[in-house]
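Enquirer: To start, I am sharing the structure in question, which I have written as structure tokens.
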Amino acid sequence: MNLKLLLLGACVIFTSTRKVNAQDIQTDKTTAELKIEFNAKDSLIFEIAFKTCEVDRLTEIYAKDFVMLYDGGLNRPTIQQTFADFEQRLRNSCKNKSTKVLSSMHRILSPGTMQVFLLTANSAVQTGVQQFFMKQSDGKEIIVEESKFTRYWTKTKSGWRISTETDFLVNNNPQATLQERYKPVPYVPASKELYNTIVKMDSIYFDTYNHCKLDLMDSLTAEDIEFYHDRGGLSTSKKQLLESIKKNICGKVTRILTKNSIEVYEIPNYGAVEFGYHSFRNIAEQGESVPSKFVTLWRKKDGKWQMTRVISLH
């Protein structure tokens with residue numbers, strides 16, 4: 001489902017149980033005009049916060065029952081702040097200008113990210129992406145936060161006012177380049193010995209796969225095998241699995257392990273789990289498939305390693 005439509009639907013349901021018809025959305029301003037007004041008030045917020053400290057003017061922007069929700073990311077709770085708390089916090093910051101914190105900060109609205117959705121004649125949603133920068137003692141500016149905000153606006157007798165805002169943390173490492181963002185920490189095996197063992201088992205198994213050594217493949221496959229395929233579904237029959245490989249793979253398909261993609265983690269009192277990427281070359285098709293992810297569960301029993309669970313993704 002389109003996320004924007006889902007957001008609009010959620011807001012309409014939240015604000016009213018009455019069905020909103022097209023004729024209900026009538027206002028003295030178009031969405032484009034509202035976007036200009038909301039953008040101006042957006043600028044005013046940070047003009048007050050970081051430059052003028054005209055805190056009394058916040059009532060031109062926020063409703064009296066305004067609530068701010070700060071989202072700290074996946075592993076942190078959301079923090080709620082009332083208008084009174086929000087206002088007082090800003091007043092305290094303005095009184096303490098000697099720290100130069102306010103004057104050293106500025107905020108940028110990412111170009112092209114501002115969106116306004118008119119819900120009813122008296123309600124609208126505004127979204128955008130923002131970045132906060134702080135100047136260091138050496139004069140260099142660093143980015144300290146990147147977040148997406150969602151504001152719910154209500155039309156009052158005094159004009160449009162923000163009733164709620166949620167700031168969603170976009171990146172908890174905003175100084176990283178685009179290429180570095182969300183990049184996992186480089187994998188380092190906890191046990192080099194276990195890693196080498198599973199890499200060897202992977203090599204042995206897929207040598208049987210590539211060269212149709214079905215007797216050896218049989219011995220490496222557990223009787224209670226479960227093979228999950230994102231296209232073919234679940235297979236729990238070892239016999240059917242081997243027959244399928246004999247019929248569809250032998251002499252036809254070659255598996256190619258993606259270099260340095262294997263990760264191995266011990267499962268105490270059981271064995272290990274292997275993650276990796278591989279591609280396939282089919283003699284009936286040109287080229288090689290796009291690398292896909294696989295997960296293999298290996299069990300060690302009576303000194304023998306066997307494959308017990310496989311998840312194959314494409």
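Going by the structure tokens order, chains are called A, B, ..., each with residues numbered from 1, while ligands are numbered from 1 in the order shown.
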Counting only C-alpha atoms, which residues of range 133-247 of chain A fall within 10 Å of range 259-276 of chain A, and what is the closest atom pair for each with its distance in Å at one decimal, ordered by chain and rising number, as JSON lines?
Expert:
{"residue": "A:Tyr187", "atom": "CA", "partner": "A:Glu263", "partner_atom": "CA", "distance": 7.0}
{"residue": "A:Val188", "atom": "CA", "partner": "A:Glu263", "partner_atom": "CA", "distance": 8.2}
{"residue": "A:Pro189", "atom": "CA", "partner": "A:Val264", "partner_atom": "CA", "distance": 6.7}
{"residue": "A:Ala190", "atom": "CA", "partner": "A:Tyr265", "partner_atom": "CA", "distance": 7.5}
{"residue": "A:Ser191", "atom": "CA", "partner": "A:Glu266", "partner_atom": "CA", "distance": 8.2}
{"residue": "A:Lys192", "atom": "CA", "partner": "A:Val264", "partner_atom": "CA", "distance": 9.3}
{"residue": "A:Leu194", "atom": "CA", "partner": "A:Val264", "partner_atom": "CA", "distance": 7.5}
{"residue": "A:Tyr195", "atom": "CA", "partner": "A:Val264", "partner_atom": "CA", "distance": 5.6}
{"residue": "A:Asn196", "atom": "CA", "partner": "A:Val264", "partner_atom": "CA", "distance": 9.0}
{"residue": "A:Thr197", "atom": "CA", "partner": "A:Val264", "partner_atom": "CA", "distance": 9.6}
{"residue": "A:Ile198", "atom": "CA", "partner": "A:Val264", "partner_atom": "CA", "distance": 7.2}
{"residue": "A:Val199", "atom": "CA", "partner": "A:Ile262", "partner_atom": "CA", "distance": 7.4}
{"residue": "A:Asp202", "atom": "CA", "partner": "A:Glu274", "partner_atom": "CA", "distance": 8.9}
Enquirer: Can you list, as a VMD selection string, every protein, DNA or RNA residue that comes within 7 Å of range 167-170 of chain A when you count only C-alpha atoms, leaving out same-chain residues fewer than 5 positions away?
Expert: chain A and resid 69 to 73 146 to 150
Enquirer: So which bits of range 105-313 of chain A end up alpha helix (DSSP H) when you DSSP the backbone, as number ranges by chain?
Expert: A: 192-211, 214-220, 238-248
Enquirer: Have a look at CA of Thr308 in chain A and CA of Lys238 in chain A and let me know their distance in Å, one decimal.
Expert: 10.1 Å
Enquirer: Leaving out range 277-290 of chain A and any residue of its chain fewer than 6 positions from it, which residues lie within 12 Å of it when counting only C-alpha atoms, given as an NGL selection string?
Expert: :A and (202-203 or 206 or 209-210 or 248-263 or 296 or 311-314)
Enquirer: Just the residues within 10 Å of range 82-99 of chain A, please, counting only C-alpha atoms, with nothing from its chain fewer than 4 positions along; format it as a PyMOL selection string.
Expert: chain A and resi 48-56+58-59+62-69+103-104+163-164
Enquirer: Using only C-alpha atoms, determine which residues lie at most 9 Å from Phe38 in chain A, disregarding the query and same-chain residues fewer than 5 positions distant; provide the list as a list in words.
Expert: Glu33, Ser43, Val116, Gln126 and Trp160 of chain A
Enquirer: What does the structure give for the distance between CA of Lys246 in chain A and CA of Lys213 in chain A, in Å to one decimal?
Expert: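 Computed distance, CA of Lys246 in chain A to CA of Lys213 in chain A, equals 9.5 Å.
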Enquirer: What does the distance between CA of Ala121 in chain A and CA of Leu109 in chain A come to in Å, to one decimal place?
Expert: 26.4 Å
Enquirer: I want to know what sits within 6 Å of range 132-141 of chain A, based on only C-alpha atoms, with residues of the same chain fewer than 6 positions away left out; could you give that as a ChimeraX atom specification?
Expert: /A:104-107
Enquirer: With only C-alpha atoms as the atoms that count, which of A:Ser292, A:Thr221, A:Ser123, A:Gln240 lies nearest to Arg309 in chain A?
Expert: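 Using only C-alpha atoms, Arg309 in chain A sits closest to A:Thr221.
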Enquirer: Rank nothing, just name the residue among A:Val125, A:Val310, A:Ile143, A:Ile36 nearest to His229 in chain A, using only C-alpha atoms.
Expert: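 Ranking A:Val125, A:Val310, A:Ile143, A:Ile36 by distance to His229 in chain A, first place goes to A:Val310.
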